[in-house]
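Worksheet: one structure, shown below.
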Amino acid sequence: MHIPASYEYPNAPYFAEYLSFGEDENLFDVLKNQYDELIEIFEKAENGFADKAYAAGKWSLKGLLGHIVDSERIFSYRVLALSRGEKTALPGFDENEYQAASEYEMHATEDIIAQYKVTREATTLLLHSLSTKQWNQMGQANGKSISARALAWMIAGHEKHHLRIIKERYLCQNS
């Protein structure tokens, strides 16, 4: 699945960051590689490492993983809604409010990893089911015009962003 054209998403800095992929990259390969990389990070992490934040007031690593899960679920729903021709504008979400209400800090890391795994599987199955017409559907999400394709790539872009943060801010403390 090719990257979205610039008319398929808003002209905003975070969209440009999240959707900065090469023309030759394939969404399904990117999602699979990210999945493998994230699972490996958690498999290699020392016991208790996922409970730590890189700085005071920041999310723990397992809290960040929970945020990735929540965000992927929201983006996937948006892909589904737009691909089906939804005409109602879809709401935005405040990641900090969702995180505060999530209680991920009280969950076992293994349970959050399991949620990540099944969420990615469901996302991938949904995306594989879409026709060209469905990928191209435009709609409104968070007050912006966007395509189902751009939202699907946002899943990968959001995870790419957080994988960079994990490497730069969490893993550097563990070495």
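Here's how to read the names in the structure tokens: chain A, B, ... by the order shown, residue numbers from 1 in each chain, ligand numbers from 1 in the order shown.
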
Sorted by chain and rising residue number, list the residues of stretch 79-172 of chain A at most 7 Å from stretch 8-13 of chain A (counting only C-alpha atoms), each with its closest atom pair and distance in Å to one decimal, as a tab-separated table.
```
residue	atom	partner	partner_atom	distance
A:Lys144	CA	A:Pro10	CA	6.3
A:Ser145	CA	A:Tyr9	CA	6.3
A:Ile146	CA	A:Tyr9	CA	4.5
A:Ser147	CA	A:Glu8	CA	5.2
A:Ala150	CA	A:Tyr9	CA	6.3
```

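Using only C-alpha atoms, the contacts of stretch 109-122 of chain A at a cut-off of 8 Å, with sequence neighbours closer than 5 positions omitted, comprise Tyr35, Ile39, Ala50, Lys62, Leu65, Gly66, Ile68, Val69, Glu72, Arg73 and Tyr104 of chain A.
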
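Distance check against A:Gln134 using only C-alpha atoms: of A:Ser83, A:Thr88, A:Asn26, A:Asn47, the minimum falls on A:Ser83.
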
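What separates atom CA of A:Asn136 from atom CA of A:His162 is a distance of 26.6 Å.
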
- Determine which residues of stretch 59-123 of chain A receive a DSSP assignment of alpha helix (DSSP H), computed from the backbone, and state them as a ChimeraX atom specification. /A:61-83,95-102,109-123

Requested write-out: N, CA and C atoms of the selected residues, as a compact mmCIF listing (two decimals), in the first residue's frame:
```txt
# COMPACT_ATOMS: atom_id res chain seq x y z
N LEU A 61 7.36 2.78 30.52
CA LEU A 61 7.43 2.10 29.22
C LEU A 61 6.15 1.30 28.97
N LYS A 62 5.62 0.64 29.99
CA LYS A 62 4.37 -0.10 29.77
C LYS A 62 3.20 0.86 29.56
N GLY A 63 3.24 2.03 30.20
CA GLY A 63 2.22 3.05 29.95
C GLY A 63 2.29 3.54 28.52
N LEU A 64 3.51 3.71 28.00
CA LEU A 64 3.68 4.12 26.62
C LEU A 64 3.16 3.05 25.67
N LEU A 65 3.43 1.79 25.98
CA LEU A 65 2.89 0.71 25.15
C LEU A 65 1.36 0.73 25.18
N GLY A 66 0.78 0.97 26.34
CA GLY A 66 -0.67 1.08 26.42
C GLY A 66 -1.20 2.22 25.56
N HIS A 67 -0.47 3.33 25.55
CA HIS A 67 -0.84 4.47 24.71
C HIS A 67 -0.79 4.07 23.22
N ILE A 68 0.22 3.32 22.84
CA ILE A 68 0.32 2.86 21.45
C ILE A 68 -0.89 1.98 21.11
N VAL A 69 -1.26 1.10 22.03
CA VAL A 69 -2.43 0.23 21.82
C VAL A 69 -3.70 1.07 21.66
N ASP A 70 -3.93 1.98 22.61
CA ASP A 70 -5.13 2.81 22.53
C ASP A 70 -5.18 3.60 21.23
N SER A 71 -4.06 4.19 20.86
CA SER A 71 -4.01 5.01 19.64
C SER A 71 -4.27 4.17 18.40
N GLU A 72 -3.69 2.97 18.35
CA GLU A 72 -3.92 2.10 17.20
C GLU A 72 -5.39 1.71 17.10
N ARG A 73 -6.01 1.45 18.23
CA ARG A 73 -7.43 1.12 18.22
C ARG A 73 -8.26 2.29 17.67
N ILE A 74 -7.92 3.48 18.10
CA ILE A 74 -8.65 4.67 17.64
C ILE A 74 -8.42 4.90 16.15
N PHE A 75 -7.17 4.84 15.71
CA PHE A 75 -6.87 5.03 14.28
C PHE A 75 -7.53 3.94 13.45
N SER A 76 -7.53 2.70 13.94
CA SER A 76 -8.16 1.60 13.20
C SER A 76 -9.66 1.83 13.07
N TYR A 77 -10.29 2.28 14.16
CA TYR A 77 -11.72 2.58 14.07
C TYR A 77 -11.96 3.67 13.03
N ARG A 78 -11.12 4.67 13.03
CA ARG A 78 -11.27 5.76 12.05
C ARG A 78 -11.11 5.23 10.63
N VAL A 79 -10.14 4.34 10.41
CA VAL A 79 -9.97 3.73 9.09
C VAL A 79 -11.25 2.99 8.71
N LEU A 80 -11.77 2.18 9.62
CA LEU A 80 -12.99 1.44 9.36
C LEU A 80 -14.14 2.38 9.01
N ALA A 81 -14.34 3.40 9.84
CA ALA A 81 -15.45 4.32 9.62
C ALA A 81 -15.34 5.03 8.28
N LEU A 82 -14.17 5.58 7.98
CA LEU A 82 -14.01 6.29 6.71
C LEU A 82 -14.12 5.35 5.53
N SER A 83 -13.55 4.15 5.64
CA SER A 83 -13.60 3.20 4.52
C SER A 83 -15.02 2.78 4.21
N GLU A 95 -4.70 12.42 24.36
CA GLU A 95 -3.90 11.27 24.78
C GLU A 95 -3.60 11.28 26.27
N ASN A 96 -3.42 12.44 26.85
CA ASN A 96 -3.13 12.52 28.29
C ASN A 96 -4.34 12.15 29.14
N GLU A 97 -5.53 12.57 28.71
CA GLU A 97 -6.74 12.18 29.43
C GLU A 97 -6.98 10.68 29.30
N TYR A 98 -6.78 10.13 28.11
CA TYR A 98 -6.93 8.69 27.92
C TYR A 98 -5.94 7.94 28.80
N GLN A 99 -4.71 8.41 28.82
CA GLN A 99 -3.67 7.74 29.60
C GLN A 99 -4.01 7.79 31.09
N ALA A 100 -4.45 8.93 31.57
CA ALA A 100 -4.78 9.07 32.99
C ALA A 100 -5.92 8.12 33.38
N ALA A 101 -6.85 7.89 32.46
CA ALA A 101 -7.99 7.02 32.74
C ALA A 101 -7.73 5.55 32.43
N SER A 102 -6.61 5.24 31.83
CA SER A 102 -6.36 3.88 31.33
C SER A 102 -6.03 2.85 32.40
N THR A 109 2.68 -6.08 32.62
CA THR A 109 3.28 -5.78 31.32
C THR A 109 2.89 -6.83 30.29
N GLU A 110 2.87 -8.09 30.67
CA GLU A 110 2.52 -9.18 29.75
C GLU A 110 1.11 -9.01 29.20
N ASP A 111 0.20 -8.49 30.03
CA ASP A 111 -1.17 -8.28 29.56
C ASP A 111 -1.25 -7.16 28.53
N ILE A 112 -0.45 -6.12 28.71
CA ILE A 112 -0.44 -5.01 27.74
C ILE A 112 0.20 -5.48 26.44
N ILE A 113 1.25 -6.29 26.56
CA ILE A 113 1.87 -6.86 25.36
C ILE A 113 0.85 -7.72 24.60
N ALA A 114 0.07 -8.51 25.32
CA ALA A 114 -0.96 -9.33 24.68
C ALA A 114 -1.98 -8.45 23.97
N GLN A 115 -2.38 -7.34 24.59
CA GLN A 115 -3.30 -6.41 23.93
C GLN A 115 -2.67 -5.85 22.65
N TYR A 116 -1.40 -5.49 22.73
CA TYR A 116 -0.71 -4.97 21.55
C TYR A 116 -0.74 -6.01 20.42
N LYS A 117 -0.43 -7.25 20.75
CA LYS A 117 -0.37 -8.30 19.73
C LYS A 117 -1.71 -8.48 19.02
N VAL A 118 -2.80 -8.59 19.79
CA VAL A 118 -4.10 -8.83 19.15
C VAL A 118 -4.62 -7.58 18.45
N THR A 119 -4.27 -6.42 18.97
CA THR A 119 -4.66 -5.17 18.30
C THR A 119 -3.99 -5.09 16.94
N ARG A 120 -2.68 -5.37 16.89
CA ARG A 120 -1.97 -5.32 15.60
C ARG A 120 -2.52 -6.36 14.65
N GLU A 121 -2.85 -7.54 15.14
CA GLU A 121 -3.42 -8.57 14.26
C GLU A 121 -4.75 -8.10 13.69
N ALA A 122 -5.61 -7.54 14.54
CA ALA A 122 -6.91 -7.05 14.07
C ALA A 122 -6.74 -5.92 13.07
N THR A 123 -5.81 -5.01 13.35
CA THR A 123 -5.54 -3.90 12.43
C THR A 123 -5.10 -4.42 11.08
```

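Nearest-residue note for A:Asp24: choosing from A:His107, A:His161, A:Leu127, A:Met1, the minimum distance belongs to A:Met1, counting only C-alpha atoms.
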
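For the pair atom CA of A:Ala45 and atom CA of A:Met154, the interatomic distance is 26.6 Å.
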